[in-house]
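Below you'll find the structure, written out as C-alpha coordinates, and then a few comments.
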Amino acid sequence: MMTERKRICIMTVLSAVLVITVVFALNYFAIGHKQEKTITAGFVYVGDTSTGYTNNFVKAADDIEKEFDGRVKTISKFNVPEEQVEGALEELAEEKCDIIFTSSYGYGEKTKEFAQKHPEIQFCQATCSNANQEPKSGNYHTFMGSIYEGRYISGVVAGMKLKELIEGKKITEDQAKVGYVGAYPYAEVISGYTAFFLGIRSIVPQAVMTVKYTNTWGDYHLEKKCAEELISEGCVIISQHSDTAGPAVACEETKRGENVFYVSYNESMRDLAPTTYLTGCRINWEPYMMQAVKAVLSDKDIEDCVRGNINGNDAGAGIEDDWVQMLEINEFTVAKGTEETVEKLIGEFKRNRVLVFQGNYTGRDPSDASDTIDLKDGYRENERSSAPTFHYVLDDVIRTQ
(Lines give C-alpha, C1' and ligand atoms only; values in the text may rest on other atoms or scores of the structure.)
Protein backbone atom coordinates (compact mmCIF):
# COMPACT_ATOMS: atom_id res chain seq x y z
CA MET A 1 0.00 0.00 0.00
CA MET A 2 1.34 3.43 -1.08
CA THR A 3 2.41 5.59 1.78
CA GLU A 4 1.49 9.24 2.03
CA ARG A 5 5.12 10.22 1.47
CA LYS A 6 5.33 8.19 -1.75
CA ARG A 7 2.06 9.72 -2.98
CA ILE A 8 3.40 13.21 -2.39
CA CYS A 9 6.63 12.39 -4.21
CA ILE A 10 4.78 11.02 -7.22
CA MET A 11 2.48 14.05 -7.35
CA THR A 12 5.50 16.33 -7.14
CA VAL A 13 7.23 14.52 -10.00
CA LEU A 14 4.08 14.60 -12.17
CA SER A 15 3.61 18.29 -11.47
CA ALA A 16 7.20 18.97 -12.47
CA VAL A 17 6.79 16.98 -15.70
CA LEU A 18 3.60 18.87 -16.48
CA VAL A 19 5.29 22.23 -15.92
CA ILE A 20 8.24 21.23 -18.10
CA THR A 21 5.88 20.02 -20.84
CA VAL A 22 3.89 23.26 -20.79
CA VAL A 23 7.05 25.39 -20.87
CA PHE A 24 8.44 23.29 -23.74
CA ALA A 25 5.19 23.59 -25.68
CA LEU A 26 5.04 27.35 -25.19
CA ASN A 27 8.63 27.73 -26.30
CA TYR A 28 8.00 25.47 -29.29
CA PHE A 29 5.02 27.45 -30.48
CA ALA A 30 6.76 30.75 -29.78
CA ILE A 31 9.74 29.69 -31.87
CA GLY A 32 7.43 28.36 -34.57
CA HIS A 33 5.57 31.65 -34.60
CA LYS A 34 8.81 33.55 -35.04
CA GLN A 35 9.66 31.38 -38.02
CA GLU A 36 6.32 32.26 -39.66
CA LYS A 37 7.58 35.50 -41.18
CA THR A 38 4.97 37.98 -42.41
CA ILE A 39 5.48 40.60 -45.12
CA THR A 40 3.64 43.39 -46.91
CA ALA A 41 3.40 43.36 -50.71
CA GLY A 42 2.54 46.50 -52.66
CA PHE A 43 1.06 46.72 -56.16
CA VAL A 44 0.99 49.69 -58.53
CA TYR A 45 -1.50 49.43 -61.39
CA VAL A 46 -1.90 51.61 -64.47
CA GLY A 47 -5.62 50.78 -64.55
CA ASP A 48 -8.20 48.99 -62.45
CA THR A 49 -10.19 45.77 -62.57
CA SER A 50 -12.40 47.11 -65.36
CA THR A 51 -9.52 46.36 -67.76
CA GLY A 52 -8.32 42.85 -68.47
CA TYR A 53 -4.65 43.81 -68.23
CA THR A 54 -4.82 45.11 -64.67
CA ASN A 55 -7.34 42.48 -63.64
CA ASN A 56 -4.84 39.74 -64.49
CA PHE A 57 -2.40 41.24 -61.97
CA VAL A 58 -5.15 41.58 -59.37
CA LYS A 59 -6.03 37.90 -59.81
CA ALA A 60 -2.39 37.03 -59.10
CA ALA A 61 -2.35 39.26 -56.01
CA ASP A 62 -5.53 37.58 -54.73
CA ASP A 63 -3.97 34.16 -55.27
CA ILE A 64 -0.95 35.24 -53.23
CA GLU A 65 -3.14 36.28 -50.30
CA LYS A 66 -4.98 32.96 -50.40
CA GLU A 67 -1.82 30.88 -50.76
CA PHE A 68 0.00 32.41 -47.80
CA ASP A 69 -3.09 32.82 -45.61
CA GLY A 70 -2.33 35.81 -43.40
CA ARG A 71 1.42 35.85 -43.91
CA VAL A 72 1.19 38.37 -46.76
CA LYS A 73 -0.65 41.67 -46.48
CA THR A 74 -1.33 43.39 -49.82
CA ILE A 75 -1.72 47.10 -50.58
CA SER A 76 -2.83 48.26 -54.04
CA LYS A 77 -2.62 51.58 -55.88
CA PHE A 78 -4.97 51.75 -58.87
CA ASN A 79 -5.14 54.06 -61.90
CA VAL A 80 -1.65 55.46 -61.44
CA PRO A 81 -0.48 57.45 -64.50
CA GLU A 82 3.01 56.49 -65.59
CA GLU A 83 4.35 59.96 -64.84
CA GLN A 84 3.00 59.76 -61.27
CA VAL A 85 4.37 56.37 -60.26
CA GLU A 86 6.96 57.86 -57.89
CA GLY A 87 4.23 59.17 -55.59
CA ALA A 88 2.59 55.75 -55.39
CA LEU A 89 5.95 54.12 -54.67
CA GLU A 90 6.65 56.61 -51.89
CA GLU A 91 3.31 55.82 -50.25
CA LEU A 92 4.00 52.07 -50.40
CA ALA A 93 7.48 52.57 -48.92
CA GLU A 94 5.98 54.58 -46.07
CA GLU A 95 3.58 51.69 -45.45
CA LYS A 96 6.60 49.42 -44.95
CA CYS A 97 6.21 47.19 -47.99
CA ASP A 98 8.81 44.45 -48.27
CA ILE A 99 8.18 43.84 -51.98
CA ILE A 100 6.52 46.05 -54.60
CA PHE A 101 5.20 44.97 -58.01
CA THR A 102 4.80 47.61 -60.73
CA SER A 103 2.70 46.70 -63.75
CA SER A 104 3.29 49.14 -66.63
CA TYR A 105 6.26 49.52 -68.99
CA GLY A 106 6.33 53.27 -68.44
CA TYR A 107 6.96 52.80 -64.71
CA GLY A 108 10.33 51.16 -65.29
CA GLU A 109 12.72 54.11 -65.23
CA LYS A 110 11.31 55.73 -62.08
CA THR A 111 10.88 52.41 -60.30
CA LYS A 112 14.51 51.51 -60.85
CA GLU A 113 15.61 54.92 -59.55
CA PHE A 114 13.38 54.46 -56.51
CA ALA A 115 14.81 50.99 -55.86
CA GLN A 116 18.28 52.50 -55.54
CA LYS A 117 16.98 54.76 -52.76
CA HIS A 118 15.29 51.88 -50.92
CA PRO A 119 17.60 48.83 -50.87
CA GLU A 120 15.49 47.30 -48.09
CA ILE A 121 12.58 46.75 -50.52
CA GLN A 122 12.45 44.32 -53.46
CA PHE A 123 10.98 45.88 -56.63
CA CYS A 124 9.58 43.69 -59.42
CA GLN A 125 8.77 45.56 -62.64
CA ALA A 126 6.61 43.86 -65.28
CA THR A 127 7.22 44.22 -69.04
CA CYS A 128 10.41 46.28 -68.75
CA SER A 129 13.95 45.45 -69.88
CA ASN A 130 16.23 47.61 -67.73
CA ALA A 131 17.10 45.37 -64.76
CA ASN A 132 20.45 44.35 -66.23
CA GLN A 133 21.36 47.80 -67.51
CA GLU A 134 23.81 49.95 -65.58
CA PRO A 135 23.51 51.08 -62.89
CA LYS A 136 22.29 47.72 -61.63
CA SER A 137 20.42 47.31 -58.34
CA GLY A 138 20.27 43.95 -56.61
CA ASN A 139 16.74 44.74 -55.39
CA TYR A 140 15.32 45.66 -58.81
CA HIS A 141 13.94 42.88 -61.02
CA THR A 142 12.04 42.62 -64.33
CA PHE A 143 9.72 39.88 -65.55
CA MET A 144 7.32 39.05 -68.38
CA GLY A 145 5.76 36.09 -70.18
CA SER A 146 6.74 35.28 -73.78
CA ILE A 147 3.42 36.50 -75.10
CA TYR A 148 4.48 36.27 -78.75
CA GLU A 149 3.73 32.54 -78.46
CA GLY A 150 0.08 33.20 -77.62
CA ARG A 151 -0.12 35.94 -80.25
CA TYR A 152 1.12 33.56 -82.93
CA ILE A 153 -1.37 30.85 -81.98
CA SER A 154 -4.17 33.45 -81.95
CA GLY A 155 -3.04 34.49 -85.43
CA VAL A 156 -3.27 30.92 -86.67
CA VAL A 157 -6.86 30.79 -85.36
CA ALA A 158 -7.63 34.04 -87.19
CA GLY A 159 -5.94 32.73 -90.33
CA MET A 160 -8.06 29.60 -90.27
CA LYS A 161 -11.18 31.79 -90.07
CA LEU A 162 -9.96 33.92 -92.98
CA LYS A 163 -9.35 30.78 -95.03
CA GLU A 164 -12.84 29.54 -94.23
CA LEU A 165 -14.33 32.84 -95.38
CA ILE A 166 -12.30 32.73 -98.60
CA GLU A 167 -13.20 29.12 -99.36
CA GLY A 168 -16.86 29.86 -98.59
CA LYS A 169 -16.68 32.76 -101.06
CA LYS A 170 -17.72 35.26 -98.39
CA ILE A 171 -14.58 37.25 -99.12
CA THR A 172 -11.95 37.13 -101.85
CA GLU A 173 -8.23 36.61 -101.30
CA ASP A 174 -7.75 40.34 -101.93
CA GLN A 175 -10.08 41.05 -99.01
CA ALA A 176 -7.96 39.18 -96.49
CA LYS A 177 -7.28 42.34 -94.51
CA VAL A 178 -6.44 42.46 -90.82
CA GLY A 179 -6.79 45.44 -88.47
CA TYR A 180 -4.90 45.94 -85.22
CA VAL A 181 -5.38 48.52 -82.47
CA GLY A 182 -2.02 49.13 -80.78
CA ALA A 183 -1.23 51.39 -77.85
CA TYR A 184 2.30 52.60 -78.68
CA PRO A 185 4.99 51.79 -81.26
CA TYR A 186 6.97 50.01 -78.54
CA ALA A 187 8.81 46.75 -79.18
CA GLU A 188 6.28 45.02 -76.90
CA VAL A 189 3.41 46.05 -79.20
CA ILE A 190 5.28 45.59 -82.48
CA SER A 191 6.54 42.14 -81.52
CA GLY A 192 3.01 41.10 -80.52
CA TYR A 193 1.25 42.21 -83.67
CA THR A 194 4.02 40.82 -85.87
CA ALA A 195 3.72 37.38 -84.25
CA PHE A 196 -0.06 37.58 -84.65
CA PHE A 197 0.28 38.54 -88.31
CA LEU A 198 2.82 35.78 -89.05
CA GLY A 199 0.41 33.28 -87.50
CA ILE A 200 -2.28 34.48 -89.92
CA ARG A 201 0.13 34.38 -92.86
CA SER A 202 1.04 30.78 -92.08
CA ILE A 203 -2.52 29.96 -93.16
CA VAL A 204 -3.36 32.79 -95.58
CA PRO A 205 -0.15 34.04 -97.28
CA GLN A 206 -2.05 36.85 -99.04
CA ALA A 207 -3.12 38.59 -95.82
CA VAL A 208 -2.07 42.19 -95.10
CA MET A 209 -2.47 44.23 -91.92
CA THR A 210 -3.06 47.82 -90.87
CA VAL A 211 -2.12 48.99 -87.36
CA LYS A 212 -3.62 52.07 -85.74
CA TYR A 213 -1.85 53.47 -82.67
CA THR A 214 -3.81 55.16 -79.90
CA ASN A 215 -0.74 56.41 -77.96
CA THR A 216 -2.49 55.51 -74.71
CA TRP A 217 -3.12 52.23 -72.92
CA GLY A 218 -6.70 52.62 -71.79
CA ASP A 219 -8.99 54.94 -73.81
CA TYR A 220 -12.17 52.96 -74.51
CA HIS A 221 -13.70 55.44 -76.94
CA LEU A 222 -10.49 55.93 -78.93
CA GLU A 223 -9.83 52.21 -79.16
CA LYS A 224 -13.40 51.61 -80.32
CA LYS A 225 -13.09 54.41 -82.88
CA CYS A 226 -9.85 52.97 -84.26
CA ALA A 227 -11.45 49.54 -84.60
CA GLU A 228 -14.47 51.04 -86.35
CA GLU A 229 -12.19 52.84 -88.80
CA LEU A 230 -10.31 49.63 -89.53
CA ILE A 231 -13.59 47.82 -90.15
CA SER A 232 -14.75 50.61 -92.50
CA GLU A 233 -11.47 50.19 -94.40
CA GLY A 234 -12.39 46.56 -95.06
CA CYS A 235 -10.57 44.71 -92.29
CA VAL A 236 -12.13 41.32 -91.65
CA ILE A 237 -10.13 40.37 -88.54
CA ILE A 238 -9.60 42.85 -85.67
CA SER A 239 -7.24 42.40 -82.73
CA GLN A 240 -5.54 44.67 -80.23
CA HIS A 241 -2.73 45.42 -77.81
CA SER A 242 -4.57 47.95 -75.66
CA ASP A 243 -6.46 47.61 -72.43
CA THR A 244 -10.19 48.17 -73.00
CA ALA A 245 -13.10 46.32 -74.57
CA GLY A 246 -13.61 49.06 -77.19
CA PRO A 247 -12.42 46.98 -80.19
CA ALA A 248 -14.55 43.99 -79.16
CA VAL A 249 -17.67 46.14 -78.91
CA ALA A 250 -16.88 47.76 -82.27
CA CYS A 251 -16.74 44.34 -83.92
CA GLU A 252 -19.98 43.16 -82.36
CA GLU A 253 -21.79 46.35 -83.36
CA THR A 254 -20.57 46.32 -86.95
CA LYS A 255 -23.21 46.36 -89.67
CA ARG A 256 -21.35 43.72 -91.68
CA GLY A 257 -21.97 41.04 -89.08
CA GLU A 258 -20.59 37.69 -90.16
CA ASN A 259 -17.66 39.13 -92.13
CA VAL A 260 -15.91 40.71 -89.13
CA PHE A 261 -14.25 38.69 -86.38
CA TYR A 262 -12.29 39.58 -83.30
CA VAL A 263 -9.28 38.20 -81.38
CA SER A 264 -8.81 39.45 -77.81
CA TYR A 265 -5.94 40.06 -75.44
CA ASN A 266 -5.80 39.69 -71.64
CA GLU A 267 -9.36 38.39 -71.26
CA SER A 268 -12.04 36.54 -73.17
CA MET A 269 -14.58 38.85 -74.81
CA ARG A 270 -17.05 36.11 -75.58
CA ASP A 271 -19.76 37.66 -73.40
CA LEU A 272 -19.37 41.08 -75.03
CA ALA A 273 -18.86 39.83 -78.58
CA PRO A 274 -20.53 36.41 -78.83
CA THR A 275 -20.95 36.45 -82.61
CA THR A 276 -17.51 37.85 -83.50
CA TYR A 277 -15.04 36.70 -80.79
CA LEU A 278 -12.76 33.85 -81.86
CA THR A 279 -10.13 33.40 -79.12
CA GLY A 280 -7.29 35.28 -77.42
CA CYS A 281 -4.29 34.95 -75.13
CA ARG A 282 -2.94 36.41 -71.93
CA ILE A 283 0.11 36.55 -69.70
CA ASN A 284 -0.37 34.65 -66.46
CA TRP A 285 1.49 36.76 -63.88
CA GLU A 286 0.81 34.41 -60.98
CA PRO A 287 3.80 32.02 -61.31
CA TYR A 288 6.44 34.75 -61.10
CA MET A 289 4.68 36.88 -58.49
CA MET A 290 3.96 33.90 -56.25
CA GLN A 291 7.56 32.70 -56.44
CA ALA A 292 8.94 36.21 -55.82
CA VAL A 293 6.83 36.60 -52.68
CA LYS A 294 7.88 33.15 -51.48
CA ALA A 295 11.51 34.18 -51.94
CA VAL A 296 11.08 37.27 -49.75
CA LEU A 297 9.27 35.22 -47.11
CA SER A 298 12.17 32.76 -47.13
CA ASP A 299 14.90 35.45 -47.17
CA LYS A 300 16.18 34.11 -50.50
CA ASP A 301 17.14 35.76 -53.78
CA ILE A 302 14.14 36.06 -56.10
CA GLU A 303 15.92 34.64 -59.15
CA ASP A 304 16.92 31.56 -57.13
CA CYS A 305 13.25 30.78 -56.51
CA VAL A 306 11.74 31.56 -59.91
CA ARG A 307 11.21 28.77 -62.43
CA GLY A 308 11.85 30.18 -65.89
CA ASN A 309 14.52 31.68 -68.11
CA ILE A 310 16.78 33.70 -65.82
CA ASN A 311 19.18 36.32 -67.10
CA GLY A 312 20.69 38.33 -64.27
CA ASN A 313 17.80 40.07 -62.49
CA ASP A 314 15.39 39.38 -65.34
CA ALA A 315 13.02 36.40 -65.58
CA GLY A 316 10.72 35.16 -68.31
CA ALA A 317 8.95 32.03 -69.52
CA GLY A 318 6.23 30.99 -71.92
CA ILE A 319 3.58 28.39 -72.45
CA GLU A 320 5.85 25.62 -71.14
CA ASP A 321 5.80 27.08 -67.61
CA ASP A 322 2.22 28.41 -67.75
CA TRP A 323 3.37 32.05 -67.97
CA VAL A 324 1.39 32.37 -71.22
CA GLN A 325 -2.11 30.99 -71.60
CA MET A 326 -4.62 30.72 -74.42
CA LEU A 327 -8.11 32.03 -73.68
CA GLU A 328 -11.29 30.16 -74.39
CA ILE A 329 -12.18 29.26 -77.98
CA ASN A 330 -15.60 30.27 -79.25
CA GLU A 331 -16.71 27.06 -80.93
CA PHE A 332 -19.62 28.89 -82.61
CA THR A 333 -17.37 31.21 -84.62
CA VAL A 334 -14.01 29.51 -85.21
CA ALA A 335 -13.22 27.42 -88.27
CA LYS A 336 -13.51 23.65 -88.16
CA GLY A 337 -10.45 21.98 -86.64
CA THR A 338 -9.37 25.03 -84.65
CA GLU A 339 -9.28 23.37 -81.22
CA GLU A 340 -7.11 20.51 -82.48
CA THR A 341 -4.73 22.94 -84.20
CA VAL A 342 -4.38 25.05 -81.05
CA GLU A 343 -3.60 22.01 -78.91
CA LYS A 344 -0.99 20.87 -81.42
CA LEU A 345 0.69 24.29 -81.47
CA ILE A 346 0.74 24.49 -77.66
CA GLY A 347 2.55 21.16 -77.64
CA GLU A 348 5.06 22.36 -80.24
CA PHE A 349 5.82 25.51 -78.26
CA LYS A 350 6.33 23.43 -75.13
CA ARG A 351 8.89 21.38 -77.07
CA ASN A 352 10.51 24.55 -78.48
CA ARG A 353 9.77 23.56 -82.08
CA VAL A 354 8.34 26.84 -83.38
CA LEU A 355 10.44 29.71 -84.74
CA VAL A 356 7.85 32.46 -85.18
CA PHE A 357 9.88 35.34 -86.60
CA GLN A 358 11.08 33.77 -89.83
CA GLY A 359 10.21 34.01 -93.52
CA ASN A 360 10.68 35.97 -96.70
CA TYR A 361 10.26 39.33 -94.96
CA THR A 362 12.29 42.45 -94.36
CA GLY A 363 11.50 45.16 -91.84
CA ARG A 364 12.70 48.41 -90.37
CA ASP A 365 12.61 50.27 -87.08
CA PRO A 366 9.83 52.90 -87.31
CA SER A 367 11.99 55.40 -85.43
CA ASP A 368 15.23 54.67 -87.32
CA ALA A 369 14.95 53.79 -91.01
CA SER A 370 18.61 52.73 -91.09
CA ASP A 371 17.90 49.91 -88.62
CA THR A 372 16.63 47.04 -90.76
CA ILE A 373 16.23 43.28 -90.56
CA ASP A 374 15.91 40.31 -92.90
CA LEU A 375 13.94 37.40 -91.45
CA LYS A 376 15.29 34.84 -93.90
CA ASP A 377 17.41 33.25 -91.18
CA GLY A 378 14.95 33.94 -88.39
CA TYR A 379 14.90 36.00 -85.19
CA ARG A 380 14.63 34.48 -81.73
CA GLU A 381 12.39 36.58 -79.52
CA ASN A 382 12.98 36.75 -75.75
CA GLU A 383 16.29 34.97 -76.10
CA ARG A 384 18.09 37.27 -73.65
CA SER A 385 15.29 39.37 -72.24
CA SER A 386 11.82 38.67 -70.88
CA ALA A 387 10.57 41.87 -72.55
CA PRO A 388 10.07 41.65 -76.33
CA THR A 389 12.89 43.02 -78.45
CA PHE A 390 11.56 42.62 -82.01
CA HIS A 391 10.87 46.21 -83.09
CA TYR A 392 10.71 46.09 -86.89
CA VAL A 393 7.63 46.83 -88.99
CA LEU A 394 7.50 44.39 -91.88
CA ASP A 395 7.87 46.03 -95.28
CA ASP A 396 4.94 46.03 -97.75
CA VAL A 397 2.64 43.77 -95.72
CA ILE A 398 2.07 45.80 -92.53
CA ARG A 399 0.99 49.43 -92.63
CA THR A 400 0.94 51.67 -89.54
CA GLN A 401 -1.08 54.81 -88.84
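Scheme for the C-alpha coordinates: letters A, B, ... for chains in order shown; per-chain residue numbers from 1; ligand numbers from 1 in order shown.
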
Using 9 Å as the limit and counting only C-alpha atoms, can you tabulate each residue of segment 97-199 of chain A that touches segment 376-384 of chain A, with its shortest atom-to-atom distance in Å and the two atoms involved, as a tab-separated table?
residue	atom	partner	partner_atom	distance
A:Ser146	CA	A:Asn382	CA	6.7
A:Tyr148	CA	A:Glu381	CA	8.0
A:Ser191	CA	A:Glu381	CA	8.3

Write a file of the just-selected residues containing N, CA, C and O atoms, as a CSV table (one decimal), in the first residue's frame.
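What landed in part10.csv:
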chain,number,residue,atom,x,y,z
A,146,SER,N,6.4,35.2,-72.3
A,146,SER,CA,6.7,35.3,-73.8
A,146,SER,C,5.4,35.3,-74.6
A,146,SER,O,5.1,34.3,-75.2
A,148,TYR,N,4.5,36.5,-77.3
A,148,TYR,CA,4.5,36.3,-78.8
A,148,TYR,C,4.0,34.9,-79.1
A,148,TYR,O,3.4,34.7,-80.2
A,191,SER,N,6.3,43.6,-81.6
A,191,SER,CA,6.5,42.1,-81.5
A,191,SER,C,5.2,41.3,-81.5
A,191,SER,O,5.1,40.3,-82.2

Using only C-alpha atoms, which residues of segment 48-116 of chain A come within 12 Å of segment 385-394 of chain A, and what is the closest atom pair for each, with the distance in Å to one decimal? Give it as CSV, sorted by chain and residue number.
residue,atom,partner,partner_atom,distance
A:Ser104,CA,A:Ala387,CA,11.9
A:Tyr105,CA,A:Ala387,CA,9.5
A:Gly108,CA,A:Ala387,CA,11.8

List every residue of segment 238-325 of chain A that has an atom at most 12 Å from any atom of segment 206-210 of chain A, giving for each one its closest atom pair and the distance in Å to one decimal, counting only C-alpha atoms, sorted by chain and then by ascending residue number, as CSV.
residue,atom,partner,partner_atom,distance
A:Ile238,CA,A:Met209,CA,9.6
A:Ser239,CA,A:Met209,CA,10.5
A:Gln240,CA,A:Thr210,CA,11.4

Task: All strand (DSSP E or B) residues (DSSP, backbone) inside segment 103-291 of chain A, as a ChimeraX atom specification - done: /A:122-126,140-145,177-182,208-213,237-241,261-265,277-283

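Residue nearest Thr400 of chain A, chosen from A:Leu222, A:Ala248, A:Val178, A:Ile329 and counting only C-alpha atoms: A:Val178.
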
Write out, as a tab-separated table, each residue of segment 81-127 of chain A that has an atom at most 8 Å from segment 35-51 of chain A, together with the closest pair of atoms and their distance in Å to one decimal, counting only C-alpha atoms, rows going by chain and rising number.
residue	atom	partner	partner_atom	distance
A:Pro81	CA	A:Val46	CA	6.0
A:Glu82	CA	A:Val46	CA	7.0
A:Val85	CA	A:Val44	CA	7.7
A:Ala88	CA	A:Val44	CA	7.0
A:Leu89	CA	A:Val44	CA	7.7
A:Leu92	CA	A:Gly42	CA	6.2
A:Lys96	CA	A:Thr40	CA	7.0
A:Cys97	CA	A:Thr40	CA	4.7
A:Asp98	CA	A:Thr40	CA	5.4
A:Ile99	CA	A:Ala41	CA	5.0
A:Ile100	CA	A:Gly42	CA	4.5
A:Phe101	CA	A:Phe43	CA	4.9
A:Thr102	CA	A:Val44	CA	4.9
A:Ser103	CA	A:Tyr45	CA	5.5
A:Ser104	CA	A:Val46	CA	6.1

Just write the chosen residues, N, CA and C atoms, as an mmCIF file, in the first residue's frame.
data_model
loop_
_atom_site.group_PDB
_atom_site.id
_atom_site.type_symbol
_atom_site.label_atom_id
_atom_site.label_comp_id
_atom_site.auth_asym_id
_atom_site.auth_seq_id
_atom_site.Cartn_x
_atom_site.Cartn_y
_atom_site.Cartn_z
ATOM 1 N N PRO A 81 -1.123 57.059 -63.236
ATOM 2 C CA PRO A 81 -0.479 57.447 -64.504
ATOM 3 C C PRO A 81 1.017 57.179 -64.443
ATOM 4 N N GLU A 82 1.599 56.864 -65.581
ATOM 5 C CA GLU A 82 3.010 56.494 -65.594
ATOM 6 C C GLU A 82 3.906 57.604 -65.054
ATOM 7 N N VAL A 85 4.092 57.610 -60.983
ATOM 8 C CA VAL A 85 4.371 56.372 -60.265
ATOM 9 C C VAL A 85 5.219 56.616 -59.019
ATOM 10 N N ALA A 88 3.160 57.012 -55.869
ATOM 11 C CA ALA A 88 2.592 55.749 -55.389
ATOM 12 C C ALA A 88 3.661 54.898 -54.712
ATOM 13 N N LEU A 89 4.860 54.886 -55.276
ATOM 14 C CA LEU A 89 5.949 54.119 -54.674
ATOM 15 C C LEU A 89 6.325 54.668 -53.297
ATOM 16 N N LEU A 92 3.825 53.483 -50.745
ATOM 17 C CA LEU A 92 4.004 52.072 -50.396
ATOM 18 C C LEU A 92 5.246 51.875 -49.522
ATOM 19 N N LYS A 96 5.676 50.497 -45.317
ATOM 20 C CA LYS A 96 6.602 49.417 -44.946
ATOM 21 C C LYS A 96 6.441 48.163 -45.803
ATOM 22 N N CYS A 97 6.262 48.351 -47.093
ATOM 23 C CA CYS A 97 6.205 47.192 -47.986
ATOM 24 C C CYS A 97 7.580 46.528 -48.077
ATOM 25 N N ASP A 98 7.575 45.214 -48.118
ATOM 26 C CA ASP A 98 8.808 44.448 -48.270
ATOM 27 C C ASP A 98 9.104 44.153 -49.734
ATOM 28 N N ILE A 99 8.051 44.084 -50.543
ATOM 29 C CA ILE A 99 8.180 43.836 -51.976
ATOM 30 C C ILE A 99 7.098 44.635 -52.698
ATOM 31 N N ILE A 100 7.463 45.227 -53.839
ATOM 32 C CA ILE A 100 6.518 46.047 -54.599
ATOM 33 C C ILE A 100 6.537 45.595 -56.051
ATOM 34 N N PHE A 101 5.350 45.329 -56.599
ATOM 35 C CA PHE A 101 5.197 44.970 -58.007
ATOM 36 C C PHE A 101 4.636 46.164 -58.776
ATOM 37 N N THR A 102 5.291 46.527 -59.871
ATOM 38 C CA THR A 102 4.798 47.608 -60.729
ATOM 39 C C THR A 102 4.441 47.021 -62.088
ATOM 40 N N SER A 103 3.329 47.466 -62.665
ATOM 41 C CA SER A 103 2.703 46.703 -63.747
ATOM 42 C C SER A 103 2.796 47.295 -65.142
ATOM 43 N N SER A 104 3.310 48.513 -65.307
ATOM 44 C CA SER A 104 3.293 49.136 -66.631
ATOM 45 C C SER A 104 4.697 49.475 -67.108
#

Open item on the list: Can you pull out every residue from segment 6-203 of chain A that DSSP, working from the backbone, puts in alpha helix (DSSP H), and format the result as JSON, numbers by chain?
Closed with: {"A": [6, 7, 8, 9, 10, 11, 12, 13, 14, 15, 16, 17, 18, 19, 20, 21, 22, 23, 24, 25, 26, 27, 28, 29, 30, 31, 32, 33, 34, 35, 52, 53, 54, 55, 56, 57, 58, 59, 60, 61, 62, 63, 64, 65, 66, 67, 68, 85, 86, 87, 88, 89, 90, 91, 92, 93, 94, 108, 109, 110, 111, 112, 113, 114, 115, 116, 117, 148, 149, 150, 151, 152, 153, 154, 155, 156, 157, 158, 159, 160, 161, 162, 163, 164, 165, 166, 167, 187, 188, 189, 190, 191, 192, 193, 194, 195, 196, 197, 198, 199, 200, 201]}

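The spacing separating atom CA of Arg351 of chain A from atom CA of Ile200 of chain A amounts to 21.5 Å.
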
Open item on the list: Can you tell me which residues surround Ala131 of chain A at a distance of at most 9 Å, considering only C-alpha atoms, apart from same-chain residues fewer than 4 positions away, and format the answer as a count of residues only?
Closed with: 13

Task: Distance of atom CA of Arg270 of chain A from atom CA of Glu233 of chain A, expressed in Å to one decimal place - done: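 Computed distance, atom CA of Glu233 of chain A to atom CA of Arg270 of chain A, equals 24.2 Å.
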